[in-house]
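Below is the file target33.cif, which contains mmCIF, C-alpha atoms.
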data_final
#
loop_
_atom_site.group_PDB
_atom_site.id
_atom_site.type_symbol
_atom_site.label_atom_id
_atom_site.label_comp_id
_atom_site.auth_asym_id
_atom_site.auth_seq_id
_atom_site.Cartn_x
_atom_site.Cartn_y
_atom_site.Cartn_z
ATOM 1 C CA MET C 1 98.772 22.909 24.865
ATOM 2 C CA THR C 2 95.985 25.352 25.573
ATOM 3 C CA GLU C 3 97.914 28.205 23.954
ATOM 4 C CA TYR C 4 98.509 26.067 20.824
ATOM 5 C CA LEU C 5 94.775 25.459 20.424
ATOM 6 C CA SER C 6 93.856 29.103 20.901
ATOM 7 C CA MET C 7 93.320 30.400 17.377
ATOM 8 C CA PRO C 8 92.423 33.954 16.308
ATOM 9 C CA THR C 9 88.672 34.219 15.850
ATOM 10 C CA HIS C 10 86.702 36.457 13.535
ATOM 11 C CA SER C 11 83.174 37.588 14.058
ATOM 12 C CA HIS C 12 80.654 36.027 11.683
ATOM 13 C CA HIS C 13 79.286 39.536 11.242
ATOM 14 C CA GLN C 14 82.590 40.923 9.966
ATOM 15 C CA SER C 15 82.218 42.452 6.515
ATOM 16 C CA SER C 16 83.263 40.170 3.658
ATOM 17 C CA ASP C 17 83.185 42.933 1.025
ATOM 18 C CA HIS C 18 86.961 42.951 0.561
ATOM 19 C CA LEU C 19 86.933 39.214 -0.204
ATOM 20 C CA HIS C 20 84.796 39.861 -3.305
ATOM 21 C CA ASP C 21 86.997 42.701 -4.590
ATOM 22 C CA HIS C 22 88.381 42.534 -8.124
ATOM 23 C CA ARG C 23 91.782 44.189 -8.339
ATOM 24 C CA ARG C 24 94.056 45.151 -11.223
ATOM 25 C CA GLY C 25 94.382 42.239 -13.636
ATOM 26 C CA ASP C 26 91.218 40.508 -12.389
ATOM 27 C CA ALA C 27 88.076 39.993 -14.443
ATOM 28 C CA GLU C 28 85.859 43.003 -15.116
ATOM 29 C CA HIS C 29 82.682 41.060 -14.274
ATOM 30 C CA ARG C 30 81.480 42.061 -10.806
ATOM 31 C CA HIS C 31 78.990 39.189 -10.223
ATOM 32 C CA TYR C 32 76.063 41.593 -10.119
ATOM 33 C CA PHE C 33 74.268 43.950 -12.508
ATOM 34 C CA GLU C 34 74.955 47.288 -10.885
ATOM 35 C CA ASN C 35 73.626 49.395 -13.753
ATOM 36 C CA ARG C 36 70.749 47.162 -14.890
ATOM 37 C CA SER C 37 67.585 49.292 -15.043
ATOM 38 C CA GLN C 38 64.189 47.917 -14.089
ATOM 39 C CA LYS C 39 62.241 50.607 -15.977
ATOM 40 C CA ILE C 40 61.631 48.414 -19.038
ATOM 41 C CA LEU C 41 60.075 45.584 -17.054
ATOM 42 C CA ALA C 42 58.195 47.979 -14.768
ATOM 43 C CA TRP C 43 56.521 49.686 -17.746
ATOM 44 C CA ALA C 44 55.671 46.341 -19.329
ATOM 45 C CA LEU C 45 54.240 45.046 -16.053
ATOM 46 C CA GLY C 46 52.095 48.141 -15.564
ATOM 47 C CA LEU C 47 50.595 47.954 -19.055
ATOM 48 C CA THR C 48 49.935 44.218 -18.884
ATOM 49 C CA LEU C 49 48.497 44.165 -15.376
ATOM 50 C CA GLY C 50 46.250 47.119 -16.164
ATOM 51 C CA PHE C 51 44.562 45.285 -19.040
ATOM 52 C CA ALA C 52 44.703 41.707 -17.745
ATOM 53 C CA GLY C 53 41.752 42.129 -15.377
ATOM 54 C CA VAL C 54 39.606 43.741 -18.072
ATOM 55 C CA GLU C 55 40.270 40.979 -20.589
ATOM 56 C CA VAL C 56 39.646 38.189 -18.081
ATOM 57 C CA ALA C 57 36.237 39.676 -17.222
ATOM 58 C CA PHE C 58 35.164 40.156 -20.834
ATOM 59 C CA GLY C 59 36.556 36.754 -21.809
ATOM 60 C CA PHE C 60 34.144 34.969 -19.497
ATOM 61 C CA LEU C 61 31.357 37.458 -20.226
ATOM 62 C CA SER C 62 31.521 36.782 -23.987
ATOM 63 C CA ASN C 63 32.145 33.025 -23.471
ATOM 64 C CA SER C 64 35.025 33.101 -25.985
ATOM 65 C CA LEU C 65 37.802 30.552 -25.487
ATOM 66 C CA ALA C 66 40.022 32.522 -27.849
ATOM 67 C CA LEU C 67 39.528 35.600 -25.697
ATOM 68 C CA ILE C 68 39.825 33.614 -22.464
ATOM 69 C CA SER C 69 43.083 32.064 -23.740
ATOM 70 C CA ASP C 70 44.353 35.535 -24.577
ATOM 71 C CA ALA C 71 43.232 36.723 -21.136
ATOM 72 C CA GLY C 72 44.978 33.743 -19.573
ATOM 73 C CA HIS C 73 48.151 34.705 -21.390
ATOM 74 C CA MET C 74 47.803 38.268 -20.121
ATOM 75 C CA VAL C 75 47.421 37.100 -16.522
ATOM 76 C CA THR C 76 50.426 34.783 -16.759
ATOM 77 C CA ASP C 77 52.305 37.605 -18.503
ATOM 78 C CA ALA C 78 51.678 39.867 -15.534
ATOM 79 C CA ALA C 79 52.997 37.148 -13.210
ATOM 80 C CA ALA C 80 55.947 36.484 -15.557
ATOM 81 C CA LEU C 81 56.852 40.162 -15.769
ATOM 82 C CA GLY C 82 56.501 40.531 -12.008
ATOM 83 C CA LEU C 83 58.796 37.547 -11.481
ATOM 84 C CA ALA C 84 61.242 38.923 -14.051
ATOM 85 C CA LEU C 85 61.248 42.313 -12.330
ATOM 86 C CA LEU C 86 61.835 40.723 -8.932
ATOM 87 C CA ALA C 87 64.665 38.603 -10.376
ATOM 88 C CA GLN C 88 66.376 41.681 -11.840
ATOM 89 C CA ILE C 89 66.143 43.461 -8.500
ATOM 90 C CA ILE C 90 67.663 40.408 -6.770
ATOM 91 C CA ALA C 91 70.384 40.150 -9.464
ATOM 92 C CA LYS C 92 71.520 43.706 -8.618
ATOM 93 C CA ARG C 93 72.491 42.632 -5.104
ATOM 94 C CA PRO C 94 76.260 42.337 -4.648
ATOM 95 C CA PRO C 95 77.863 39.084 -3.448
ATOM 96 C CA THR C 96 77.605 38.229 0.238
ATOM 97 C CA ALA C 97 79.403 35.912 2.641
ATOM 98 C CA LYS C 98 76.809 33.205 1.918
ATOM 99 C CA ASN C 99 76.443 33.886 -1.837
ATOM 100 C CA SER C 100 79.962 34.592 -3.075
ATOM 101 C CA PHE C 101 78.934 34.428 -6.752
ATOM 102 C CA GLY C 102 76.184 36.991 -6.273
ATOM 103 C CA PHE C 103 72.587 36.552 -7.425
ATOM 104 C CA GLY C 104 72.912 36.672 -11.230
ATOM 105 C CA ARG C 105 71.296 33.230 -11.604
ATOM 106 C CA ALA C 106 68.021 34.574 -10.240
ATOM 107 C CA GLU C 107 67.201 35.827 -13.735
ATOM 108 C CA ALA C 108 67.733 32.429 -15.356
ATOM 109 C CA LEU C 109 65.713 30.753 -12.602
ATOM 110 C CA ALA C 110 62.836 33.171 -13.194
ATOM 111 C CA ALA C 111 63.035 32.504 -16.941
ATOM 112 C CA PHE C 112 62.834 28.753 -16.333
ATOM 113 C CA VAL C 113 59.813 29.120 -14.024
ATOM 114 C CA ASN C 114 58.118 31.379 -16.580
ATOM 115 C CA GLY C 115 58.675 28.762 -19.277
ATOM 116 C CA LEU C 116 57.101 26.045 -17.141
ATOM 117 C CA ALA C 117 54.130 28.308 -16.386
ATOM 118 C CA MET C 118 53.653 28.910 -20.113
ATOM 119 C CA LEU C 119 53.570 25.154 -20.748
ATOM 120 C CA GLY C 120 50.766 24.881 -18.199
ATOM 121 C CA VAL C 121 48.748 27.610 -19.900
ATOM 122 C CA ILE C 122 49.205 25.978 -23.319
ATOM 123 C CA ALA C 123 48.085 22.587 -21.974
ATOM 124 C CA TRP C 124 44.940 24.083 -20.394
ATOM 125 C CA ILE C 125 43.965 25.976 -23.545
ATOM 126 C CA CYS C 126 44.429 22.912 -25.789
ATOM 127 C CA LYS C 127 42.365 20.762 -23.410
ATOM 128 C CA GLU C 128 39.498 23.281 -23.376
ATOM 129 C CA ALA C 129 39.689 23.748 -27.150
ATOM 130 C CA ILE C 130 39.432 20.005 -27.864
ATOM 131 C CA GLN C 131 36.329 19.800 -25.668
ATOM 132 C CA ARG C 132 34.734 22.747 -27.480
ATOM 133 C CA LEU C 133 35.394 21.282 -30.915
ATOM 134 C CA SER C 134 32.981 18.454 -30.135
ATOM 135 C CA ALA C 135 30.554 20.615 -28.173
ATOM 136 C CA PRO C 136 30.635 24.205 -29.542
ATOM 137 C CA GLU C 137 29.488 26.989 -27.242
ATOM 138 C CA THR C 138 27.889 30.299 -28.195
ATOM 139 C CA VAL C 139 30.386 33.149 -28.449
ATOM 140 C CA GLN C 140 29.697 36.911 -28.628
ATOM 141 C CA GLY C 141 31.764 37.794 -31.688
ATOM 142 C CA GLY C 142 31.382 41.589 -31.449
ATOM 143 C CA THR C 143 32.609 41.744 -27.837
ATOM 144 C CA VAL C 144 35.529 39.471 -28.683
ATOM 145 C CA MET C 145 36.674 41.706 -31.559
ATOM 146 C CA LEU C 146 36.484 44.889 -29.470
ATOM 147 C CA VAL C 147 38.357 43.592 -26.424
ATOM 148 C CA ALA C 148 40.922 41.653 -28.484
ATOM 149 C CA GLY C 149 41.580 44.793 -30.555
ATOM 150 C CA ILE C 150 42.430 46.771 -27.420
ATOM 151 C CA GLY C 151 44.534 43.847 -26.193
ATOM 152 C CA LEU C 152 46.474 43.816 -29.463
ATOM 153 C CA VAL C 153 47.446 47.473 -29.025
ATOM 154 C CA ILE C 154 48.544 46.827 -25.424
ATOM 155 C CA ASN C 155 50.577 43.769 -26.419
ATOM 156 C CA ILE C 156 52.335 45.606 -29.249
ATOM 157 C CA ALA C 157 53.294 48.360 -26.805
ATOM 158 C CA VAL C 158 54.605 45.874 -24.220
ATOM 159 C CA ALA C 159 56.543 43.868 -26.848
ATOM 160 C CA TRP C 160 58.111 47.100 -28.148
ATOM 161 C CA VAL C 161 59.167 48.081 -24.625
ATOM 162 C CA LEU C 162 60.655 44.651 -23.834
ATOM 163 C CA SER C 163 62.524 44.426 -27.145
ATOM 164 C CA HIS C 164 64.801 47.242 -25.947
ATOM 165 C CA ASP C 165 66.432 44.955 -23.368
ATOM 166 C CA LYS C 166 68.633 42.625 -25.430
ATOM 167 C CA GLU C 167 70.917 41.422 -22.595
ATOM 168 C CA SER C 168 68.673 39.587 -20.159
ATOM 169 C CA ILE C 169 67.557 35.976 -20.736
ATOM 170 C CA ASN C 170 64.863 36.769 -18.211
ATOM 171 C CA THR C 171 63.437 39.574 -20.349
ATOM 172 C CA LYS C 172 63.556 37.272 -23.384
ATOM 173 C CA ALA C 173 61.433 34.767 -21.458
ATOM 174 C CA ALA C 174 58.942 37.490 -20.573
ATOM 175 C CA LEU C 175 58.913 38.580 -24.233
ATOM 176 C CA VAL C 176 57.905 35.032 -25.259
ATOM 177 C CA HIS C 177 54.838 35.382 -23.046
ATOM 178 C CA VAL C 178 53.994 38.733 -24.614
ATOM 179 C CA MET C 179 54.501 37.467 -28.184
ATOM 180 C CA GLY C 180 52.119 34.645 -27.323
ATOM 181 C CA ASP C 181 49.647 37.274 -26.183
ATOM 182 C CA LEU C 182 50.099 39.258 -29.374
ATOM 183 C CA LEU C 183 49.346 36.199 -31.489
ATOM 184 C CA GLY C 184 46.451 35.385 -29.169
ATOM 185 C CA SER C 185 44.955 38.836 -29.671
ATOM 186 C CA ILE C 186 45.176 38.504 -33.461
ATOM 187 C CA ALA C 187 43.581 35.043 -33.271
ATOM 188 C CA ALA C 188 40.812 36.386 -31.031
ATOM 189 C CA ILE C 189 40.078 39.238 -33.452
ATOM 190 C CA ILE C 190 39.849 36.806 -36.382
ATOM 191 C CA SER C 191 37.715 34.444 -34.299
ATOM 192 C CA GLY C 192 35.352 37.227 -33.283
ATOM 193 C CA ALA C 193 35.046 38.485 -36.865
ATOM 194 C CA VAL C 194 34.280 35.025 -38.303
ATOM 195 C CA ILE C 195 31.690 34.293 -35.594
ATOM 196 C CA TYR C 196 30.108 37.744 -36.015
ATOM 197 C CA LYS C 197 29.788 37.280 -39.795
ATOM 198 C CA THR C 198 29.074 33.552 -40.142
ATOM 199 C CA GLY C 199 28.171 32.167 -36.728
ATOM 200 C CA TRP C 200 30.745 29.342 -37.125
ATOM 201 C CA MET C 201 31.683 28.700 -33.466
ATOM 202 C CA GLN C 202 34.401 26.075 -34.130
ATOM 203 C CA ILE C 203 36.793 28.799 -35.358
ATOM 204 C CA ASP C 204 37.230 29.878 -31.735
ATOM 205 C CA PRO C 205 38.830 26.659 -30.358
ATOM 206 C CA LEU C 206 40.665 25.987 -33.653
ATOM 207 C CA LEU C 207 42.494 29.312 -33.516
ATOM 208 C CA SER C 208 43.208 28.821 -29.808
ATOM 209 C CA ILE C 209 45.020 25.544 -30.557
ATOM 210 C CA PHE C 210 46.855 27.123 -33.496
ATOM 211 C CA VAL C 211 48.211 30.003 -31.372
ATOM 212 C CA SER C 212 49.200 27.643 -28.554
ATOM 213 C CA LEU C 213 51.240 25.498 -30.937
ATOM 214 C CA LEU C 214 52.906 28.583 -32.408
ATOM 215 C CA ILE C 215 54.212 29.755 -29.042
ATOM 216 C CA LEU C 216 55.212 26.248 -27.942
ATOM 217 C CA LYS C 217 58.487 26.431 -29.901
ATOM 218 C CA SER C 218 59.508 29.730 -28.294
ATOM 219 C CA THR C 219 58.609 28.387 -24.865
ATOM 220 C CA PHE C 220 60.810 25.317 -25.337
ATOM 221 C CA SER C 221 63.622 27.587 -26.548
ATOM 222 C CA VAL C 222 63.502 29.644 -23.336
ATOM 223 C CA LEU C 223 63.341 26.500 -21.194
ATOM 224 C CA LYS C 224 66.309 24.966 -23.016
ATOM 225 C CA GLU C 225 68.432 28.120 -22.731
ATOM 226 C CA SER C 226 67.685 28.751 -19.056
ATOM 227 C CA TYR C 227 68.116 25.046 -18.156
ATOM 228 C CA HIS C 228 71.504 24.966 -19.916
ATOM 229 C CA PHE C 229 72.608 27.999 -17.921
ATOM 230 C CA LEU C 230 71.306 26.696 -14.580
ATOM 231 C CA MET C 231 73.113 23.384 -15.168
ATOM 232 C CA GLU C 232 76.335 25.367 -15.740
ATOM 233 C CA GLY C 233 76.668 24.170 -19.329
ATOM 234 C CA VAL C 234 79.439 25.435 -21.602
ATOM 235 C CA PRO C 235 78.224 28.655 -23.278
ATOM 236 C CA HIS C 236 76.882 27.922 -26.766
ATOM 237 C CA HIS C 237 79.326 30.293 -28.490
ATOM 238 C CA ILE C 238 82.390 28.684 -26.866
ATOM 239 C CA ASP C 239 84.224 25.612 -28.212
ATOM 240 C CA TYR C 240 85.333 23.676 -25.122
ATOM 241 C CA VAL C 241 87.679 21.323 -27.020
ATOM 242 C CA GLN C 242 89.292 24.219 -28.903
ATOM 243 C CA ILE C 243 90.017 25.992 -25.617
ATOM 244 C CA GLY C 244 91.891 22.905 -24.409
ATOM 245 C CA THR C 245 93.891 22.803 -27.643
ATOM 246 C CA ASP C 246 94.717 26.524 -27.494
ATOM 247 C CA LEU C 247 95.869 26.213 -23.868
ATOM 248 C CA GLU C 248 98.192 23.315 -24.720
ATOM 249 C CA ASP C 249 99.618 25.368 -27.605
ATOM 250 C CA ILE C 250 100.897 28.012 -25.158
ATOM 251 C CA ASN C 251 104.682 27.862 -24.890
ATOM 252 C CA GLY C 252 105.611 26.094 -21.629
ATOM 253 C CA VAL C 253 102.307 24.268 -21.150
ATOM 254 C CA LEU C 254 102.583 20.470 -21.313
ATOM 255 C CA SER C 255 98.964 19.463 -20.726
ATOM 256 C CA VAL C 256 95.567 20.634 -19.481
ATOM 257 C CA HIS C 257 93.166 18.789 -17.164
ATOM 258 C CA ASP C 258 90.213 19.416 -14.817
ATOM 259 C CA LEU C 259 89.030 22.122 -17.224
ATOM 260 C CA HIS C 260 85.584 23.668 -16.691
ATOM 261 C CA VAL C 261 83.872 26.455 -18.612
ATOM 262 C CA TRP C 262 80.498 27.933 -17.668
ATOM 263 C CA GLU C 263 78.715 31.269 -17.299
ATOM 264 C CA MET C 264 78.809 33.152 -14.000
ATOM 265 C CA SER C 265 75.744 35.048 -15.184
ATOM 266 C CA PRO C 266 74.298 35.307 -18.718
ATOM 267 C CA GLY C 267 76.935 36.726 -21.062
ATOM 268 C CA TYR C 268 79.853 36.395 -18.620
ATOM 269 C CA PRO C 269 81.814 33.136 -19.158
ATOM 270 C CA ALA C 270 84.290 31.821 -16.605
ATOM 271 C CA LEU C 271 87.012 29.140 -16.698
ATOM 272 C CA ILE C 272 88.879 27.062 -14.141
ATOM 273 C CA GLY C 273 91.478 24.381 -14.787
ATOM 274 C CA HIS C 274 94.848 22.842 -14.065
ATOM 275 C CA LEU C 275 97.867 23.429 -16.319
ATOM 276 C CA GLU C 276 100.865 21.117 -16.219
ATOM 277 C CA ILE C 277 103.945 23.209 -16.984
ATOM 278 C CA GLU C 278 107.657 22.584 -17.476
ATOM 279 C CA ASP C 279 109.095 25.229 -15.163
ATOM 280 C CA ILE C 280 107.313 26.961 -12.267
ATOM 281 C CA SER C 281 109.531 30.035 -12.652
ATOM 282 C CA ALA C 282 107.937 30.597 -16.083
ATOM 283 C CA TRP C 283 104.413 30.659 -14.610
ATOM 284 C CA PRO C 284 103.978 34.480 -14.604
ATOM 285 C CA ARG C 285 104.798 34.612 -18.334
ATOM 286 C CA ILE C 286 102.593 31.588 -19.113
ATOM 287 C CA LEU C 287 99.680 33.039 -17.131
ATOM 288 C CA GLN C 288 99.870 36.344 -19.002
ATOM 289 C CA SER C 289 99.915 34.502 -22.343
ATOM 290 C CA VAL C 290 96.946 32.353 -21.294
ATOM 291 C CA LYS C 291 94.898 35.349 -20.119
ATOM 292 C CA ALA C 292 95.574 37.255 -23.341
ATOM 293 C CA MET C 293 94.669 34.241 -25.504
ATOM 294 C CA LEU C 294 91.449 33.399 -23.642
ATOM 295 C CA LEU C 295 90.233 37.003 -23.804
ATOM 296 C CA SER C 296 91.093 37.630 -27.462
ATOM 297 C CA LYS C 297 90.071 34.236 -28.920
ATOM 298 C CA HIS C 298 87.228 33.140 -26.630
ATOM 299 C CA GLY C 299 86.036 36.265 -24.818
ATOM 300 C CA ILE C 300 86.811 34.830 -21.357
ATOM 301 C CA ASP C 301 88.416 37.103 -18.766
ATOM 302 C CA HIS C 302 87.209 35.456 -15.553
ATOM 303 C CA ILE C 303 89.751 32.644 -15.121
ATOM 304 C CA THR C 304 91.214 30.646 -12.227
ATOM 305 C CA LEU C 305 94.129 28.377 -13.107
ATOM 306 C CA GLN C 306 96.336 26.120 -11.007
ATOM 307 C CA ALA C 307 99.882 25.482 -12.204
ATOM 308 C CA GLU C 308 101.383 22.034 -11.678
ATOM 309 C CA VAL C 309 105.009 21.254 -12.401
ATOM 310 C CA SER C 310 105.545 18.138 -14.506
ATOM 311 C CA GLU C 311 106.521 15.149 -12.320
ATOM 312 C CA GLU C 312 109.394 14.412 -14.692
ATOM 313 C CA GLU C 313 110.826 17.837 -13.932
ATOM 314 C CA GLU C 314 110.563 17.480 -10.149
#
In structure tokens, how does this file's structure come out?
Amino acid sequence: MTEYLSMPTHSHHQSSDHLHDHRRGDAEHRHYFENRSQKILAWALGLTLGFAGVEVAFGFLSNSLALISDAGHMVTDAAALGLALLAQIIAKRPPTAKNSFGFGRAEALAAFVNGLAMLGVIAWICKEAIQRLSAPETVQGGTVMLVAGIGLVINIAVAWVLSHDKESINTKAALVHVMGDLLGSIAAIISGAVIYKTGWMQIDPLLSIFVSLLILKSTFSVLKESYHFLMEGVPHHIDYVQIGTDLEDINGVLSVHDLHVWEMSPGYPALIGHLEIEDISAWPRILQSVKAMLLSKHGIDHITLQAEVSEEEE
């Protein structure tokens, strides 16, 4: 009895690399971004962080809410870009024994956190602006124009750098922050110019609210996209019902059930499901037809399917 219970044991420290291998005929997606460069985000972070401190100081020095709101955006941008950079570094890590899918979702998680942070900034700015509408404060228009002008140049440079990364949802989230900054800089310049020429202080909080509302839509868009991905929703470009129909149209397939479609990491859809078939001996042919159809019609090459022989045939 003792010999029967003695099972071969494996060390918990044994390498699991071979378990993650993709062999011939498997999906091309490796569950990690081996060639993803961090240079774009690193440059953007350096530029933003370098100017954020300057703008915060001059924002409070000139007592301009428009400039302070722009400075606040710059500070949150630096944090957002830092988080985005960290997420990309994490996403490059290959799968492990505890994280068999890899760390690709780190980017979407960072994007979601960045979106929530942006909502907080918008709420604070609007609250301050409403208070200042009823009790205007003196603003140094000349200082606002000068600092906001420099900020505009920095933001244009950062936005241009980030726009070169079109793959990452995380970079898109960071770009929303920067676009908010860019609009904030323009609003601050206009605010400073109006105050310098006319002395009308209410323009400062009015423009702050206007910019905040403009970037609210983009912020919600990032939150919606990252939330959908984190909740393993069906990719927007994929028709779930049509996939079921196309699978049932394959010769030899009787029905489809327990079908799930999601993204392993942004841009890499995956599918699992059960196929009821007429004859198990035809499974190799059916599987090849299914793989070819899913790749050509729906762009899915990461699939796991279980064949089940029809009960009538058993």
Output of the PyMOL selection byres ((chain C and resi 138) around 9), listed as a list in words: Ser62, Asn63, Ser64, Pro136, Glu137, Val139, Gln140, Gly199 and Met201 of chain C
Since I can't run it myself right now, could you work out what the PyMOL selection byres ((chain C and resi 250-258) around 9) selects here and report it as a short mmCIF file (atom, residue, chain, number, x, y, z; two decimals) with C-alpha atoms, keeping the file's coordinate frame?
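What landed in selection.cif:
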data_model
loop_
_atom_site.label_atom_id
_atom_site.label_comp_id
_atom_site.auth_asym_id
_atom_site.auth_seq_id
_atom_site.Cartn_x
_atom_site.Cartn_y
_atom_site.Cartn_z
CA GLY C 244 91.89 22.90 -24.41
CA THR C 245 93.89 22.80 -27.64
CA ASP C 246 94.72 26.52 -27.49
CA LEU C 247 95.87 26.21 -23.87
CA GLU C 248 98.19 23.32 -24.72
CA ASP C 249 99.62 25.37 -27.60
CA LEU C 259 89.03 22.12 -17.22
CA HIS C 260 85.58 23.67 -16.69
CA ILE C 272 88.88 27.06 -14.14
CA GLY C 273 91.48 24.38 -14.79
CA HIS C 274 94.85 22.84 -14.06
CA LEU C 275 97.87 23.43 -16.32
CA GLU C 276 100.86 21.12 -16.22
CA ILE C 277 103.94 23.21 -16.98
CA GLU C 278 107.66 22.58 -17.48
CA ASP C 279 109.10 25.23 -15.16
CA ALA C 282 107.94 30.60 -16.08
CA TRP C 283 104.41 30.66 -14.61
CA ILE C 286 102.59 31.59 -19.11
CA SER C 289 99.92 34.50 -22.34
CA VAL C 290 96.95 32.35 -21.29
CA MET C 293 94.67 34.24 -25.50
CA SER C 310 105.54 18.14 -14.51
#
What's around Gly82 in chain C at 9 Å? Count all atoms listed in the file, leave out sequence neighbours fewer than 5 positions away in its own chain, and write the answer as an mmCIF file with C-alpha atoms, in the frame of the given file.
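Okay, part-v2.cif is ready:
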data_model
loop_
_atom_site.group_PDB
_atom_site.id
_atom_site.type_symbol
_atom_site.label_atom_id
_atom_site.label_comp_id
_atom_site.auth_asym_id
_atom_site.auth_seq_id
_atom_site.Cartn_x
_atom_site.Cartn_y
_atom_site.Cartn_z
ATOM 1 C CA LEU C 41 60.075 45.584 -17.054
ATOM 2 C CA ALA C 42 58.195 47.979 -14.768
ATOM 3 C CA LEU C 45 54.240 45.046 -16.053
ATOM 4 C CA ASP C 77 52.305 37.605 -18.503
ATOM 5 C CA ALA C 87 64.665 38.603 -10.376
#
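Going from CA of Gln38 in chain C over to CA of Val158 in chain C, you cover 14.1 Å.
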Spatial neighbours of range 193-198 of chain C, 7 Å, all atoms listed in the file, chain gap at least 4 places, as an MDAnalysis selection string: chainID C and resid 141:142 145 189
Pick from C:Leu47, C:Ala188, C:Ile90, C:Ala80, whichever lies nearest to Phe112 in chain C using all atoms listed in the file: C:Ala80
Evaluate the PyMOL selection byres ((chain C and resi 113) around 12) and report residues as a PyMOL selection string: chain C and resi 76+79-81+83-84+87+106-112+114-120+170+173-174+219-220+222-224+226-227+230
Pick from C:Leu146, C:Ile122, C:Ile154, C:Ile89, whichever lies nearest to Gly50 in chain C using only C-alpha atoms: C:Ile154
Interatomic distance, CA of Ser265 in chain C to CA of Pro235 in chain C (Å, one decimal):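 Computed distance, CA of Ser265 in chain C to CA of Pro235 in chain C, equals 10.6 Å.
Candidate residues C:Ala307, C:Ile190, C:Ile40, C:Leu61 were compared for distance to Trp160 in chain C, and the nearest is C:Ile40, using only C-alpha atoms.
CA of Ser212 in chain C to CA of Val147 in chain C spans 19.4 Å [interatomic distance, one decimal].
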Selected residue, from C:Leu162, C:Leu86, C:Leu206, C:Ala148, that lies nearest to Ser134 in chain C when counting all atoms listed in the file: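 Result for the nearest residue to Ser134 in chain C: C:Leu206.
When all atoms listed in the file are used to compute distances to Leu214 in chain C, the closest of the residues C:Pro94, C:Gly233, C:Gly184, C:Gly59 turns out to be C:Gly184.
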Is it possible to get the residues within 9 Å of (81.8, 35.4, -19.5) (coordinates as in the file, counting all atoms listed in the file) written as an mmCIF file with C-alpha atoms, keeping the file's coordinate frame?
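Wrote result_14.cif, looks like this:
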data_model
loop_
_atom_site.group_PDB
_atom_site.id
_atom_site.type_symbol
_atom_site.label_atom_id
_atom_site.label_comp_id
_atom_site.auth_asym_id
_atom_site.auth_seq_id
_atom_site.Cartn_x
_atom_site.Cartn_y
_atom_site.Cartn_z
ATOM 1 C CA HIS C 29 82.682 41.060 -14.274
ATOM 2 C CA PRO C 235 78.224 28.655 -23.278
ATOM 3 C CA TRP C 262 80.498 27.933 -17.668
ATOM 4 C CA GLU C 263 78.715 31.269 -17.299
ATOM 5 C CA MET C 264 78.809 33.152 -14.000
ATOM 6 C CA SER C 265 75.744 35.048 -15.184
ATOM 7 C CA PRO C 266 74.298 35.307 -18.718
ATOM 8 C CA GLY C 267 76.935 36.726 -21.062
ATOM 9 C CA TYR C 268 79.853 36.395 -18.620
ATOM 10 C CA PRO C 269 81.814 33.136 -19.158
ATOM 11 C CA ALA C 270 84.290 31.821 -16.605
ATOM 12 C CA LEU C 271 87.012 29.140 -16.698
ATOM 13 C CA GLY C 299 86.036 36.265 -24.818
ATOM 14 C CA ILE C 300 86.811 34.830 -21.357
ATOM 15 C CA ASP C 301 88.416 37.103 -18.766
ATOM 16 C CA HIS C 302 87.209 35.456 -15.553
#
Would you compute the box with edges along x, y and z of the file around range 179-190 of chain C, including every atom the file lists for it and 6 Å extra on each side, and give its centre and edge lengths in Å to one decimal, as lines of an AutoDock Vina configuration file?
center_x = 47.2
center_y = 37.0
center_z = -31.3
size_x = 26.7
size_y = 16.6
size_z = 22.2
